[in-house]
$ cat query11.cif   # mmCIF, C-alpha atoms; chains and numbers go by the auth columns
data_coords
#
loop_
_atom_site.group_PDB
_atom_site.id
_atom_site.type_symbol
_atom_site.label_atom_id
_atom_site.label_comp_id
_atom_site.label_asym_id
_atom_site.label_seq_id
_atom_site.Cartn_x
_atom_site.Cartn_y
_atom_site.Cartn_z
_atom_site.B_iso_or_equiv
_atom_site.auth_seq_id
_atom_site.auth_asym_id
ATOM 1 C CA MET A 1 -28.408 27.114 95.653 0.00 1 A
ATOM 2 C CA LYS A 2 -28.641 24.633 92.778 0.00 2 A
ATOM 3 C CA PHE A 3 -26.715 21.349 92.764 0.00 3 A
ATOM 4 C CA THR A 4 -25.795 19.410 89.649 0.00 4 A
ATOM 5 C CA THR A 5 -24.606 15.823 89.665 0.00 5 A
ATOM 6 C CA ILE A 6 -21.848 14.867 87.252 0.00 6 A
ATOM 7 C CA SER A 7 -21.262 11.233 86.387 0.00 7 A
ATOM 8 C CA VAL A 8 -18.220 9.901 84.537 0.00 8 A
ATOM 9 C CA SER A 9 -17.646 6.299 83.466 0.00 9 A
ATOM 10 C CA TYR A 10 -14.460 4.859 82.009 0.00 10 A
ATOM 11 C CA SER A 11 -13.940 1.305 80.824 0.00 11 A
ATOM 12 C CA ARG A 12 -11.282 -0.493 78.863 0.00 12 A
ATOM 13 C CA LYS A 13 -10.879 -3.967 77.427 0.00 13 A
ATOM 14 C CA PHE A 14 -7.414 -5.530 77.437 0.00 14 A
ATOM 15 C CA ASN A 15 -6.454 -8.378 75.103 0.00 15 A
ATOM 16 C CA LEU A 16 -4.742 -11.140 77.059 0.00 16 A
ATOM 17 C CA GLY A 17 -4.179 -13.383 74.033 0.00 17 A
ATOM 18 C CA ASP A 18 -5.556 -16.857 73.368 0.00 18 A
ATOM 19 C CA TYR A 19 -9.070 -15.402 72.928 0.00 19 A
ATOM 20 C CA GLU A 20 -9.058 -14.064 76.474 0.00 20 A
ATOM 21 C CA SER A 21 -9.711 -10.494 77.517 0.00 21 A
ATOM 22 C CA LEU A 22 -10.089 -8.434 80.656 0.00 22 A
ATOM 23 C CA GLU A 23 -12.656 -5.648 80.798 0.00 23 A
ATOM 24 C CA LEU A 24 -12.519 -3.205 83.687 0.00 24 A
ATOM 25 C CA GLY A 25 -14.572 -0.115 84.389 0.00 25 A
ATOM 26 C CA CYS A 26 -15.046 2.620 86.937 0.00 26 A
ATOM 27 C CA SER A 27 -17.887 5.096 87.478 0.00 27 A
ATOM 28 C CA LEU A 28 -17.562 8.207 89.634 0.00 28 A
ATOM 29 C CA TRP A 29 -20.077 10.880 90.658 0.00 29 A
ATOM 30 C CA ALA A 30 -19.738 14.353 92.133 0.00 30 A
ATOM 31 C CA GLN A 31 -22.112 17.129 93.100 0.00 31 A
ATOM 32 C CA VAL A 32 -21.248 20.575 91.784 0.00 32 A
ATOM 33 C CA GLU A 33 -22.694 23.816 93.132 0.00 33 A
ATOM 34 C CA ASP A 34 -23.474 26.893 91.070 0.00 34 A
ATOM 35 C CA GLY A 35 -20.296 28.791 90.356 0.00 35 A
ATOM 36 C CA GLU A 36 -18.026 25.749 90.535 0.00 36 A
ATOM 37 C CA ASP A 37 -16.076 24.627 87.480 0.00 37 A
ATOM 38 C CA ALA A 38 -18.160 21.703 86.166 0.00 38 A
ATOM 39 C CA ASP A 39 -15.742 21.087 83.277 0.00 39 A
ATOM 40 C CA GLY A 40 -12.818 20.907 85.674 0.00 40 A
ATOM 41 C CA VAL A 41 -14.687 18.466 87.929 0.00 41 A
ATOM 42 C CA THR A 42 -15.565 16.327 84.897 0.00 42 A
ATOM 43 C CA GLN A 43 -11.922 16.241 83.779 0.00 43 A
ATOM 44 C CA PHE A 44 -10.794 15.370 87.299 0.00 44 A
ATOM 45 C CA LEU A 45 -13.321 12.520 87.580 0.00 45 A
ATOM 46 C CA TYR A 46 -12.273 11.167 84.173 0.00 46 A
ATOM 47 C CA LEU A 47 -8.589 11.134 85.119 0.00 47 A
ATOM 48 C CA GLN A 48 -9.365 9.484 88.466 0.00 48 A
ATOM 49 C CA ALA A 49 -11.505 6.774 86.817 0.00 49 A
ATOM 50 C CA LYS A 50 -8.825 6.108 84.178 0.00 50 A
ATOM 51 C CA ALA A 51 -6.119 5.830 86.857 0.00 51 A
ATOM 52 C CA SER A 52 -8.276 3.420 88.882 0.00 52 A
ATOM 53 C CA VAL A 53 -8.783 1.144 85.872 0.00 53 A
ATOM 54 C CA LYS A 54 -5.062 1.199 85.091 0.00 54 A
ATOM 55 C CA LEU A 55 -4.160 0.401 88.697 0.00 55 A
ATOM 56 C CA ALA A 56 -6.597 -2.522 88.783 0.00 56 A
ATOM 57 C CA ALA A 57 -5.332 -3.888 85.443 0.00 57 A
ATOM 58 C CA MET A 58 -1.584 -3.734 86.159 0.00 58 A
ATOM 59 C CA PRO A 59 -1.213 -7.007 88.120 0.00 59 A
ATOM 60 C CA VAL A 60 -3.040 -8.978 85.433 0.00 60 A
ATOM 61 C CA LEU A 61 -1.247 -7.289 82.533 0.00 61 A
ATOM 62 C CA LYS A 62 2.168 -7.789 84.106 0.00 62 A
ATOM 63 C CA ALA A 63 1.412 -11.517 84.371 0.00 63 A
ATOM 64 C CA SER A 64 0.117 -11.766 80.778 0.00 64 A
ATOM 65 C CA GLU A 65 2.708 -13.161 78.344 0.00 65 A
ATOM 66 C CA PHE A 66 0.787 -11.639 75.422 0.00 66 A
ATOM 67 C CA GLN A 67 0.894 -8.114 76.894 0.00 67 A
ATOM 68 C CA ILE A 68 4.566 -8.430 77.855 0.00 68 A
ATOM 69 C CA ASN A 69 5.505 -9.495 74.329 0.00 69 A
ATOM 70 C CA LYS A 70 3.323 -6.753 72.852 0.00 70 A
ATOM 71 C CA ALA A 71 5.018 -4.094 74.993 0.00 71 A
ATOM 72 C CA LYS A 72 8.493 -5.411 74.192 0.00 72 A
ATOM 73 C CA SER A 73 7.823 -5.467 70.445 0.00 73 A
ATOM 74 C CA SER A 74 6.626 -1.856 70.509 0.00 74 A
ATOM 75 C CA LYS A 75 9.853 -0.715 72.160 0.00 75 A
ATOM 76 C CA LYS A 76 12.385 0.290 69.505 0.00 76 A
ATOM 77 C CA VAL A 77 15.527 0.895 71.559 0.00 77 A
ATOM 78 C CA SER A 78 15.110 -0.664 74.989 0.00 78 A
ATOM 79 C CA GLY A 79 13.701 -4.024 76.056 0.00 79 A
ATOM 80 C CA ASP A 80 12.508 -2.647 79.390 0.00 80 A
ATOM 81 C CA VAL A 81 8.786 -2.860 80.016 0.00 81 A
ATOM 82 C CA ASN A 82 7.248 -0.063 82.064 0.00 82 A
ATOM 83 C CA GLU A 83 3.710 0.639 83.265 0.00 83 A
ATOM 84 C CA SER A 84 3.603 3.610 80.894 0.00 84 A
ATOM 85 C CA ASP A 85 3.888 1.194 77.949 0.00 85 A
ATOM 86 C CA TRP A 86 0.341 -0.002 78.606 0.00 86 A
#

$ encode --input "query11.cif" --output "structure tokens"
Amino acid sequence: MKFTTISVSYSRKFNLGDYESLELGCSLWAQVEDGEDADGVTQFLYLQAKASVKLAAMPVLKASEFQINKAKSSKKVSGDVNESDW
């Protein structure tokens, strides 16, 4: 039985305005056995890492005036700001 280790890293830098930024990242690993879907595991790890970064960034982004104004200006019809806007 052969094991393969898959590693996925995801990072993102958020502009907070006034020459400030927030950079967050997440790295995940998984062992995959022969016969398992390595591409599916890679996709799953990527989505999990991306969700973790988004979850960690939300409190800071919601408090950032720059990000709030950016989200509001990108909305055409409604002034509501949702997590999906970021």

$ residues_around --input "query11.cif" --residues "Ala57 of chain A" --least-positions-apart "3" --cutoff "10 Å" --atoms "only C-alpha atoms" --output "list in words"
Arg12, Lys13, Phe14, Leu22, Glu23, Leu24, Ala51, Ser52, Val53, Lys54, Val60, Leu61, Lys62 and Trp86 of chain A

$ closest_residue --input "query11.cif" --among "A:Trp29, A:Ser64, A:Leu16, A:Lys75" --to "Tyr46 of chain A" --atoms "only C-alpha atoms"
A:Trp29

$ closest_residue --input "query11.cif" --among "A:Phe3, A:Asp37, A:Leu45, A:Lys50" --to "Gly25 of chain A" --atoms "all atoms listed in the file"
A:Lys50

$ closest_residue --input "query11.cif" --among "A:Ile68, A:Val32, A:Cys26, A:Met58" --to "Thr5 of chain A" --atoms "all atoms listed in the file"
A:Val32

$ atom_distance --input "query11.cif" --atom1 "atom CA of Tyr10 of chain A" --atom2 "atom CA of Leu55 of chain A"
13.1 Å

$ closest_residue --input "query11.cif" --among "A:Gln31, A:Thr4, A:Asn15, A:Gln48" --to "Lys70 of chain A" --atoms "all atoms listed in the file"
A:Asn15

$ atom_distance --input "query11.cif" --atom1 "atom CA of Ile6 of chain A" --atom2 "atom CA of Ala30 of chain A"
5.3 Å

$ axis_aligned_box --input "query11.cif" --around "segment 21-39 of chain A" --padding-each-side "3 Å" --output "lines of an AutoDock Vina configuration file"
center_x = -16.6
center_y = 9.1
center_z = 85.3
size_x = 19.8
size_y = 45.3
size_z = 21.6

$ atom_distance --input "query11.cif" --atom1 "atom CA of Ser7 of chain A" --atom2 "atom CA of Gln43 of chain A"
10.9 Å

$ closest_residue --input "query11.cif" --among "A:Ser9, A:Lys2, A:Asn69, A:Ala49" --to "Asp34 of chain A" --atoms "all atoms listed in the file"
A:Lys2

$ closest_residue --input "query11.cif" --among "A:Lys72, A:Leu47, A:Val41, A:Phe66" --to "Ser21 of chain A" --atoms "only C-alpha atoms"
A:Phe66

$ build_atoms --input "query11.cif" --residues "segment 17-40 of chain A" --atoms "N, CA, C and O atoms" --output "compact mmCIF listing (two decimals), in the frame of the given file"
# COMPACT_ATOMS: atom_id res chain seq x y z
N GLY A 17 -4.62 -12.33 74.94
CA GLY A 17 -4.18 -13.38 74.03
C GLY A 17 -4.99 -14.65 74.22
O GLY A 17 -5.77 -14.77 75.17
N ASP A 18 -4.84 -15.58 73.32
CA ASP A 18 -5.56 -16.86 73.37
C ASP A 18 -7.06 -16.66 73.57
O ASP A 18 -7.70 -17.39 74.33
N TYR A 19 -7.63 -15.70 72.88
CA TYR A 19 -9.07 -15.40 72.93
C TYR A 19 -9.57 -15.04 74.32
O TYR A 19 -10.73 -15.22 74.65
N GLU A 20 -8.68 -14.51 75.15
CA GLU A 20 -9.06 -14.06 76.47
C GLU A 20 -8.93 -12.54 76.54
O GLU A 20 -8.07 -11.96 75.89
N SER A 21 -9.79 -11.94 77.33
CA SER A 21 -9.71 -10.49 77.52
C SER A 21 -10.11 -10.16 78.95
O SER A 21 -10.73 -10.96 79.65
N LEU A 22 -9.75 -8.96 79.34
CA LEU A 22 -10.09 -8.43 80.66
C LEU A 22 -10.75 -7.08 80.43
O LEU A 22 -10.16 -6.21 79.80
N GLU A 23 -11.98 -6.93 80.92
CA GLU A 23 -12.66 -5.65 80.80
C GLU A 23 -12.88 -5.09 82.20
O GLU A 23 -13.47 -5.74 83.06
N LEU A 24 -12.39 -3.88 82.40
CA LEU A 24 -12.52 -3.20 83.69
C LEU A 24 -13.18 -1.85 83.48
O LEU A 24 -12.98 -1.21 82.45
N GLY A 25 -13.92 -1.41 84.48
CA GLY A 25 -14.57 -0.12 84.39
C GLY A 25 -14.68 0.54 85.75
O GLY A 25 -14.59 -0.12 86.78
N CYS A 26 -14.90 1.83 85.72
CA CYS A 26 -15.05 2.62 86.94
C CYS A 26 -16.02 3.76 86.67
O CYS A 26 -15.95 4.41 85.62
N SER A 27 -16.95 3.98 87.58
CA SER A 27 -17.89 5.10 87.48
C SER A 27 -17.76 5.96 88.73
O SER A 27 -17.71 5.43 89.84
N LEU A 28 -17.69 7.26 88.53
CA LEU A 28 -17.56 8.21 89.63
C LEU A 28 -18.62 9.30 89.50
O LEU A 28 -18.99 9.69 88.39
N TRP A 29 -19.09 9.81 90.63
CA TRP A 29 -20.08 10.88 90.66
C TRP A 29 -19.59 11.99 91.57
O TRP A 29 -18.87 11.75 92.53
N ALA A 30 -20.04 13.21 91.27
CA ALA A 30 -19.74 14.35 92.13
C ALA A 30 -20.87 15.36 92.03
O ALA A 30 -21.51 15.49 90.98
N GLN A 31 -21.14 16.04 93.11
CA GLN A 31 -22.11 17.13 93.10
C GLN A 31 -21.37 18.45 92.96
O GLN A 31 -20.38 18.68 93.65
N VAL A 32 -21.88 19.29 92.07
CA VAL A 32 -21.25 20.58 91.78
C VAL A 32 -22.26 21.68 92.08
O VAL A 32 -23.41 21.61 91.65
N GLU A 33 -21.83 22.67 92.82
CA GLU A 33 -22.69 23.82 93.13
C GLU A 33 -22.58 24.87 92.04
O GLU A 33 -21.64 24.87 91.25
N ASP A 34 -23.55 25.76 92.00
CA ASP A 34 -23.47 26.89 91.07
C ASP A 34 -22.18 27.65 91.31
O ASP A 34 -21.77 27.86 92.45
N GLY A 35 -21.53 28.04 90.24
CA GLY A 35 -20.30 28.79 90.36
C GLY A 35 -19.05 27.93 90.35
O GLY A 35 -17.95 28.44 90.15
N GLU A 36 -19.19 26.64 90.60
CA GLU A 36 -18.03 25.75 90.54
C GLU A 36 -17.74 25.37 89.09
O GLU A 36 -18.62 25.41 88.23
N ASP A 37 -16.52 24.98 88.83
CA ASP A 37 -16.08 24.63 87.48
C ASP A 37 -16.49 23.19 87.14
O ASP A 37 -15.77 22.24 87.46
N ALA A 38 -17.64 23.03 86.50
CA ALA A 38 -18.16 21.70 86.17
C ALA A 38 -17.24 20.98 85.19
O ALA A 38 -17.04 19.76 85.28
N ASP A 39 -16.66 21.71 84.24
CA ASP A 39 -15.74 21.09 83.28
C ASP A 39 -14.48 20.58 83.98
O ASP A 39 -13.98 19.50 83.65
N GLY A 40 -13.99 21.33 84.92
CA GLY A 40 -12.82 20.91 85.67
C GLY A 40 -13.11 19.67 86.52
O GLY A 40 -12.28 18.75 86.61
